[in-house]
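Trainee: Dropping the structure in here first, questions after.
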Amino acid sequence: MRARLDPDNLPAGEMVDSWRVVRRLGGGAYGTTYLVEKGGDFFAMKVARHREQSGDERLTDERTLRELSCLLALRHRHIARVWAHGRWPHPTEGFLYLVMDYVEGYTLSQWKEAVCPTPHEVVVLLEKVMGAVAHMHGLGILHRDLKPDNLLVGKDGEPVVVDYGAAHFPVGPPLTKRGLPPGTPRYTSPEATRFDLAHRHDKTARYQYTVPDELYALGVTLYDLLTDPWPCTRPEPLPVGGSNPPDYAHEVNERVPVALSLFTAKLLERDPNKRPESMEKARRQVAEFASLAGEDWVKRPVHPPPPLTPASSRQAPARSLLERLRERWRLALGAGVGLGVVLAGVYLALHAAAPEPVPLPASPSVAEKALPRAPAAPSSGTPTPSGLAPADAPTLEPAPALALPPTSPQEKGPTVKARSAPTLSSCLQQAPPRGSPAWRAWCQCAGIVGTLAALQAGCTGPQVRPASEPCPQEVLDAYAELETRPGHAIRVQWNRGQEGEMVWVKFGPLTSVVSQGSDKLTEGSLLFGELKLVDPKEGTARARFTLAQLPNGKKYPVCIEALIQNYGHVKEGAIEGPNNVTGAIWERWRKTWDSE
């Protein structure tokens, strides 16, 4: 039974020794990667596609062993660490597996689309990647397959270089017998391509992969980040190979700073001798870019965020407008019907009693106590004193003169005109004629009376769950350093760099920008978190931000929430809402995240 297991398709729940398979993460030429769990912790497990004795011409097992050797030799914060290895299901004849750090986040291309980074953010990330690759080179290790899919970015914004299946390690015999080493054609250097064309008929020829090849691969990666707004979905990337160099990045995309564009062109030089002398020297130059603080570096994203997705962006606005109009018509119709029912109920309740008006009791009712009171109108023609209501007791919106009918058959004389907002007593009297100046004020007052009456009768209001999830102590410590307090409000711009009042925001990992800050959490700070759909019928989504990055690059853990509420337009994994919303800083999350 075990012998028939497919290493490319292990089912969820399968036990690989003591590791429980959670789900498949992806597959490459030499192995398949799974998310696995042990003791409550999660890891990434790579399983070789063939056994050692399978006679595999691609040397899958041998290359996985080579990857293991590389990972055991490397110790760097931006390189995945190996924790365990073995053979399964049999210790001598099974499939080789490696257990490594699990990076929860994005590939580099996904990060680019989700974050819409500025040039400054691109070079900060690239400098860390180059530092990790320079560390490899110092040990004589060459990755040989540097590309966006093998550069992951965690939710904390830190990059990790993964997948050493094609790596060259100075210890042990070479695994590439002839031609070019394993790799991805788009990231293959011009000199390697020329060698392959010149020796295509020579089965003994073998290309010597070197550091300039690695520099070129990172140059293509950087060029794509700067010129391609859709690296995940674009069917045909801009060409960079061939005998002629590609157009400068700043000529393709005017948002790219010229200095960064020229550095990218340096990495893409057709002559390997014109590229930087080493990865470390290239890293130092990128570090200099990271210190620049001009607006074209730190303010403006390399590409503006898209309205939704590239496949539907041309059609979305027309459909969006039509559907939005329909939805608003439905909401308006529903609100009108609801208001009519309330008014009809109040009217029937008032006229179901005896013809004679009933005086109010001496002691105020619950509804009267709850309703904000206005100064009482005098019973004679004496003008009402011009006094102000207390600051903590707001009155109803002032209305045109409201004619109050006599409270008993004995009251005669001219009608008294109230100069203040209508009180509960006035709302319980006979309604003014429809269309009269007092009709609108009476309707407003009657609506409040109806609500209070429903509460007094025992009708329940919305069920609100209490706050139940405290934020970590490190968050409260960060608030002290930021000189802000829970309860403060900020303004959050969902999609940085995108103009317009309404935008599309994708569910899942989210990076937004503070458009109006609080204390040291200033305008321009980045917020990293996740957006979840709360109510698809009402079109409500909630974002929780757990990490803030100030414009100076310093990061702090936070508990910040923001809402897109009652816009009703959910489509293709995204929601439409206002580009700027109000967020709140909390010390406890307001609701249980997983129960919604």
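Ordering of the structure tokens sets the chain letters (A, B, ...); residue numbers start at 1 within each chain; ligands are numbered from 1 in the order shown.
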Which residues come within 8 Å of Tyr164 (chain A), counting only C-alpha atoms, excluding same-chain residues fewer than 5 positions away, as a PyMOL selection string?
Mentor: chain A and resi 66-67+70-71+143+145
Trainee: Taking 6 positions as the minimum chain separation for residues in the same chain, which residues sit within 6 Å of region 22-24 of chain A when counting only C-alpha atoms? Answer as a list in words.
Mentor: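 Residues near the query, excluding close chain neighbours: Ala12, Tyr34, Leu35 and Val36 of chain A.
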Trainee: Please save C-alpha atoms of the selected residues as a tab-separated table (two decimals), in the first residue's frame.
Mentor:
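The result, written out as out26.tsv:
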chain	number	residue	atom	x	y	z
A	12	ALA	CA	-4.13	15.75	3.93
A	34	TYR	CA	3.81	20.33	1.63
A	35	LEU	CA	2.72	22.20	4.71
A	36	VAL	CA	3.19	19.80	7.63
Trainee: Measuring atom to atom with only C-alpha atoms, identify which of A:His78, A:His250, A:Lys112, A:His201 is nearest to Val129 (chain A).
Mentor: A:His78
Trainee: Kindly give the distance, in Å, that separates CA of Leu74 (chain A) and CA of Glu62 (chain A), rounded to a single decimal.
Mentor: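 About the pair CA of Leu74 (chain A) and CA of Glu62 (chain A): they are 18.8 Å apart.
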Trainee: Take CA of Gln473 (chain A) and CA of Lys554 (chain A) and report the distance between them in Å, one decimal.
Mentor: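 Going from CA of Gln473 (chain A) over to CA of Lys554 (chain A) covers 18.5 Å.
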Trainee: Taking 4 positions as the minimum chain separation for residues in the same chain, which residues sit within 9 Å of Arg186 (chain A) when counting only C-alpha atoms? Answer as a PDB file with C-alpha atoms, in the first residue's frame.
Mentor:
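See result14.pdb below for the written result:
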ATOM      1  CA  ALA A 217      19.146  36.470 -12.859  1.00  0.00           C
ATOM      2  CA  VAL A 220      15.863  40.164 -14.700  1.00  0.00           C
ATOM      3  CA  PRO A 239      11.660  40.399 -23.346  1.00  0.00           C
ATOM      4  CA  VAL A 240      15.080  40.837 -21.774  1.00  0.00           C
ATOM      5  CA  GLY A 241      17.114  38.246 -23.688  1.00  0.00           C
TER       6      GLY A 241
END
Trainee: Can you tell me, as a list of chain:residue names, what residues are no more than 6 Å from region 261-270 of chain A when counting only C-alpha atoms, ignoring any on the same chain fewer than 2 positions away?
Mentor: A:Leu215, A:Tyr216, A:Gly219, A:Ala249, A:His250, A:Val258, A:Ala259, A:Arg275
Trainee: Keeping N, CA and C atoms, export the residues of the selection given above as a JSON list (two decimals), in the first residue's frame.
Mentor:
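Once written, part.json looks like this:
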[["chain", "number", "residue", "atom", "x", "y", "z"],
["A", 215, "LEU", "N", 24.05, 37.37, -10.90],
["A", 215, "LEU", "CA", 23.74, 38.80, -10.99],
["A", 215, "LEU", "C", 22.73, 39.07, -12.10],
["A", 216, "TYR", "N", 22.91, 38.39, -13.22],
["A", 216, "TYR", "CA", 21.98, 38.59, -14.34],
["A", 216, "TYR", "C", 20.57, 38.13, -13.94],
["A", 219, "GLY", "N", 19.04, 40.63, -11.94],
["A", 219, "GLY", "CA", 18.74, 41.78, -12.78],
["A", 219, "GLY", "C", 17.41, 41.62, -13.51],
["A", 249, "ALA", "N", 14.51, 50.69, -17.77],
["A", 249, "ALA", "CA", 13.29, 50.54, -16.97],
["A", 249, "ALA", "C", 12.54, 51.86, -16.85],
["A", 250, "HIS", "N", 13.27, 52.99, -16.72],
["A", 250, "HIS", "CA", 12.58, 54.28, -16.57],
["A", 250, "HIS", "C", 11.95, 54.74, -17.88],
["A", 258, "VAL", "N", 15.75, 57.17, -12.21],
["A", 258, "VAL", "CA", 16.74, 56.93, -13.24],
["A", 258, "VAL", "C", 17.94, 56.15, -12.68],
["A", 259, "ALA", "N", 18.36, 56.49, -11.47],
["A", 259, "ALA", "CA", 19.52, 55.81, -10.88],
["A", 259, "ALA", "C", 19.27, 54.31, -10.72],
["A", 275, "ARG", "N", 29.25, 43.70, -15.58],
["A", 275, "ARG", "CA", 28.38, 43.63, -14.41],
["A", 275, "ARG", "C", 29.20, 43.88, -13.14]]
Trainee: Work out how far CA of Ala132 (chain A) is from CA of Pro229 (chain A), in Å to one decimal.
Mentor: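 Answer for the CA of Pro229 (chain A) to CA of Ala132 (chain A) separation: 26.0 Å.
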Trainee: Among region 63-244 of chain A, which residues carry a DSSP assignment of strand (DSSP E), reported as an NGL selection string?
Mentor: :A and (82-88 or 95-101 or 105-107 or 151-154 or 159-161)
Trainee: With N, CA and C atoms kept, could you save the residues just selected as a PDB file, in the first residue's frame?
Mentor:
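Wrote again_33.pdb, looks like this:
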ATOM      1  N   VAL A  82      16.923  24.214   7.589  1.00  0.00           N
ATOM      2  CA  VAL A  82      16.448  22.830   7.582  1.00  0.00           C
ATOM      3  C   VAL A  82      16.443  22.312   9.019  1.00  0.00           C
ATOM      4  N   TRP A  83      15.379  21.599   9.402  1.00  0.00           N
ATOM      5  CA  TRP A  83      15.202  21.107  10.770  1.00  0.00           C
ATOM      6  C   TRP A  83      15.294  19.585  10.873  1.00  0.00           C
ATOM      7  N   ALA A  84      14.948  18.903   9.815  1.00  0.00           N
ATOM      8  CA  ALA A  84      14.969  17.435   9.875  1.00  0.00           C
ATOM      9  C   ALA A  84      15.002  16.895   8.454  1.00  0.00           C
ATOM     10  N   HIS A  85      15.368  15.628   8.315  1.00  0.00           N
ATOM     11  CA  HIS A  85      15.340  14.955   7.024  1.00  0.00           C
ATOM     12  C   HIS A  85      15.250  13.462   7.279  1.00  0.00           C
ATOM     13  N   GLY A  86      14.878  12.720   6.255  1.00  0.00           N
ATOM     14  CA  GLY A  86      14.762  11.274   6.389  1.00  0.00           C
ATOM     15  C   GLY A  86      14.252  10.660   5.111  1.00  0.00           C
ATOM     16  N   ARG A  87      13.997   9.353   5.177  1.00  0.00           N
ATOM     17  CA  ARG A  87      13.387   8.633   4.042  1.00  0.00           C
ATOM     18  C   ARG A  87      12.099   7.987   4.523  1.00  0.00           C
ATOM     19  N   TRP A  88      11.117   8.028   3.661  1.00  0.00           N
ATOM     20  CA  TRP A  88       9.785   7.545   4.019  1.00  0.00           C
ATOM     21  C   TRP A  88       9.138   6.929   2.775  1.00  0.00           C
ATOM     22  N   PHE A  95      11.248   7.596  -0.082  1.00  0.00           N
ATOM     23  CA  PHE A  95      11.465   8.903  -0.693  1.00  0.00           C
ATOM     24  C   PHE A  95      12.181   9.807   0.309  1.00  0.00           C
ATOM     25  N   LEU A  96      13.165  10.529  -0.158  1.00  0.00           N
ATOM     26  CA  LEU A  96      13.890  11.458   0.690  1.00  0.00           C
ATOM     27  C   LEU A  96      13.032  12.699   0.933  1.00  0.00           C
ATOM     28  N   TYR A  97      13.012  13.171   2.182  1.00  0.00           N
ATOM     29  CA  TYR A  97      12.273  14.398   2.494  1.00  0.00           C
ATOM     30  C   TYR A  97      13.124  15.306   3.370  1.00  0.00           C
ATOM     31  N   LEU A  98      12.863  16.611   3.241  1.00  0.00           N
ATOM     32  CA  LEU A  98      13.523  17.638   4.041  1.00  0.00           C
ATOM     33  C   LEU A  98      12.447  18.471   4.733  1.00  0.00           C
ATOM     34  N   VAL A  99      12.642  18.784   5.992  1.00  0.00           N
ATOM     35  CA  VAL A  99      11.717  19.633   6.748  1.00  0.00           C
ATOM     36  C   VAL A  99      12.410  20.967   7.006  1.00  0.00           C
ATOM     37  N   MET A 100      11.778  22.064   6.541  1.00  0.00           N
ATOM     38  CA  MET A 100      12.396  23.386   6.596  1.00  0.00           C
ATOM     39  C   MET A 100      11.432  24.397   7.209  1.00  0.00           C
ATOM     40  N   ASP A 101      11.927  25.620   7.384  1.00  0.00           N
ATOM     41  CA  ASP A 101      11.067  26.715   7.835  1.00  0.00           C
ATOM     42  C   ASP A 101       9.908  26.893   6.864  1.00  0.00           C
ATOM     43  N   GLY A 105       3.418  33.752   3.578  1.00  0.00           N
ATOM     44  CA  GLY A 105       3.427  35.044   2.912  1.00  0.00           C
ATOM     45  C   GLY A 105       3.230  34.906   1.422  1.00  0.00           C
ATOM     46  N   TYR A 106       4.123  35.512   0.639  1.00  0.00           N
ATOM     47  CA  TYR A 106       3.960  35.593  -0.807  1.00  0.00           C
ATOM     48  C   TYR A 106       5.226  35.144  -1.525  1.00  0.00           C
ATOM     49  N   THR A 107       5.065  34.817  -2.796  1.00  0.00           N
ATOM     50  CA  THR A 107       6.227  34.857  -3.679  1.00  0.00           C
ATOM     51  C   THR A 107       6.525  36.323  -3.969  1.00  0.00           C
ATOM     52  N   LEU A 151      11.939  33.373  -4.294  1.00  0.00           N
ATOM     53  CA  LEU A 151      12.168  34.459  -3.338  1.00  0.00           C
ATOM     54  C   LEU A 151      10.836  34.743  -2.656  1.00  0.00           C
ATOM     55  N   LEU A 152      10.707  34.300  -1.425  1.00  0.00           N
ATOM     56  CA  LEU A 152       9.461  34.461  -0.681  1.00  0.00           C
ATOM     57  C   LEU A 152       9.552  35.676   0.233  1.00  0.00           C
ATOM     58  N   VAL A 153       8.399  36.281   0.501  1.00  0.00           N
ATOM     59  CA  VAL A 153       8.315  37.418   1.409  1.00  0.00           C
ATOM     60  C   VAL A 153       7.292  37.060   2.483  1.00  0.00           C
ATOM     61  N   GLY A 154       7.737  37.002   3.735  1.00  0.00           N
ATOM     62  CA  GLY A 154       6.850  36.663   4.836  1.00  0.00           C
ATOM     63  C   GLY A 154       5.895  37.794   5.159  1.00  0.00           C
ATOM     64  N   PRO A 159      12.357  38.916   3.376  1.00  0.00           N
ATOM     65  CA  PRO A 159      12.491  37.941   2.295  1.00  0.00           C
ATOM     66  C   PRO A 159      13.224  36.680   2.761  1.00  0.00           C
ATOM     67  N   VAL A 160      12.950  35.569   2.072  1.00  0.00           N
ATOM     68  CA  VAL A 160      13.614  34.296   2.341  1.00  0.00           C
ATOM     69  C   VAL A 160      13.921  33.644   0.997  1.00  0.00           C
ATOM     70  N   VAL A 161      15.175  33.240   0.791  1.00  0.00           N
ATOM     71  CA  VAL A 161      15.580  32.552  -0.434  1.00  0.00           C
ATOM     72  C   VAL A 161      15.368  31.050  -0.228  1.00  0.00           C
TER      73      VAL A 161
END
Trainee: Show me, as number ranges by chain, the residues that have an atom within 9 Å of Val123 (chain A) when counting only C-alpha atoms, minus same-chain residues fewer than 2 positions from it.
Mentor: A: 118-121, 125-128, 260, 286-287, 289-290
Trainee: Convert the current residue selection to file output with C-alpha atoms, as a PDB file, in the first residue's frame.
Mentor:
ATOM      1  CA  THR A 118       7.665  52.089  -3.739  1.00  0.00           C
ATOM      2  CA  PRO A 119      11.185  52.071  -5.252  1.00  0.00           C
ATOM      3  CA  HIS A 120      12.521  52.424  -1.702  1.00  0.00           C
ATOM      4  CA  GLU A 121      10.693  49.273  -0.584  1.00  0.00           C
ATOM      5  CA  LEU A 125      13.990  44.038  -0.031  1.00  0.00           C
ATOM      6  CA  LEU A 126      16.544  43.494  -2.814  1.00  0.00           C
ATOM      7  CA  GLU A 127      19.430  44.483  -0.535  1.00  0.00           C
ATOM      8  CA  LYS A 128      18.436  41.745   1.920  1.00  0.00           C
ATOM      9  CA  LEU A 260      17.733  52.533 -10.136  1.00  0.00           C
ATOM     10  CA  VAL A 286      21.635  48.896  -3.463  1.00  0.00           C
ATOM     11  CA  ALA A 287      22.116  49.819   0.204  1.00  0.00           C
ATOM     12  CA  PHE A 289      19.755  53.567  -2.830  1.00  0.00           C
ATOM     13  CA  ALA A 290      17.916  52.539   0.347  1.00  0.00           C
TER      14      ALA A 290
END
Trainee: Quick one: residues within 6 Å of region 475-481 of chain A, only C-alpha atoms, excluding same-chain residues fewer than 5 positions away - as a ChimeraX atom specification?
Mentor: /A:556-558
Trainee: Go ahead and save the picked residues with C-alpha atoms, as a PDB file, in the first residue's frame.
Mentor:
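For reference, out38.pdb as written:
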ATOM      1  CA  TYR A 556       5.948  48.184  15.603  1.00  0.00           C
ATOM      2  CA  PRO A 557       3.324  45.538  16.454  1.00  0.00           C
ATOM      3  CA  VAL A 558      -0.170  47.053  16.590  1.00  0.00           C
TER       4      VAL A 558
END
Trainee: Which residue, A:Arg200, A:Arg300, A:Arg51, A:Lys506, has the smallest gap to Val122 (chain A) when you use only C-alpha atoms?
Mentor: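 Using only C-alpha atoms, the shortest distance to Val122 (chain A) belongs to A:Arg300.
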Trainee: Which is closer to Ile141 (chain A) than all the others in A:His168, A:Arg75, A:Arg49, A:Arg491, using only C-alpha atoms?
Mentor: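 Nearest to Ile141 (chain A): A:His168.
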Trainee: Among region 61-291 of chain A, which residues does DSSP mark as alpha helix (DSSP H) when it is run on the backbone? Keep the chain and numbering as in the structure and answer as number ranges by chain.
Mentor: A: 61-73, 108-115, 119-138, 190-198, 211-227, 249-252, 258-267, 279-290
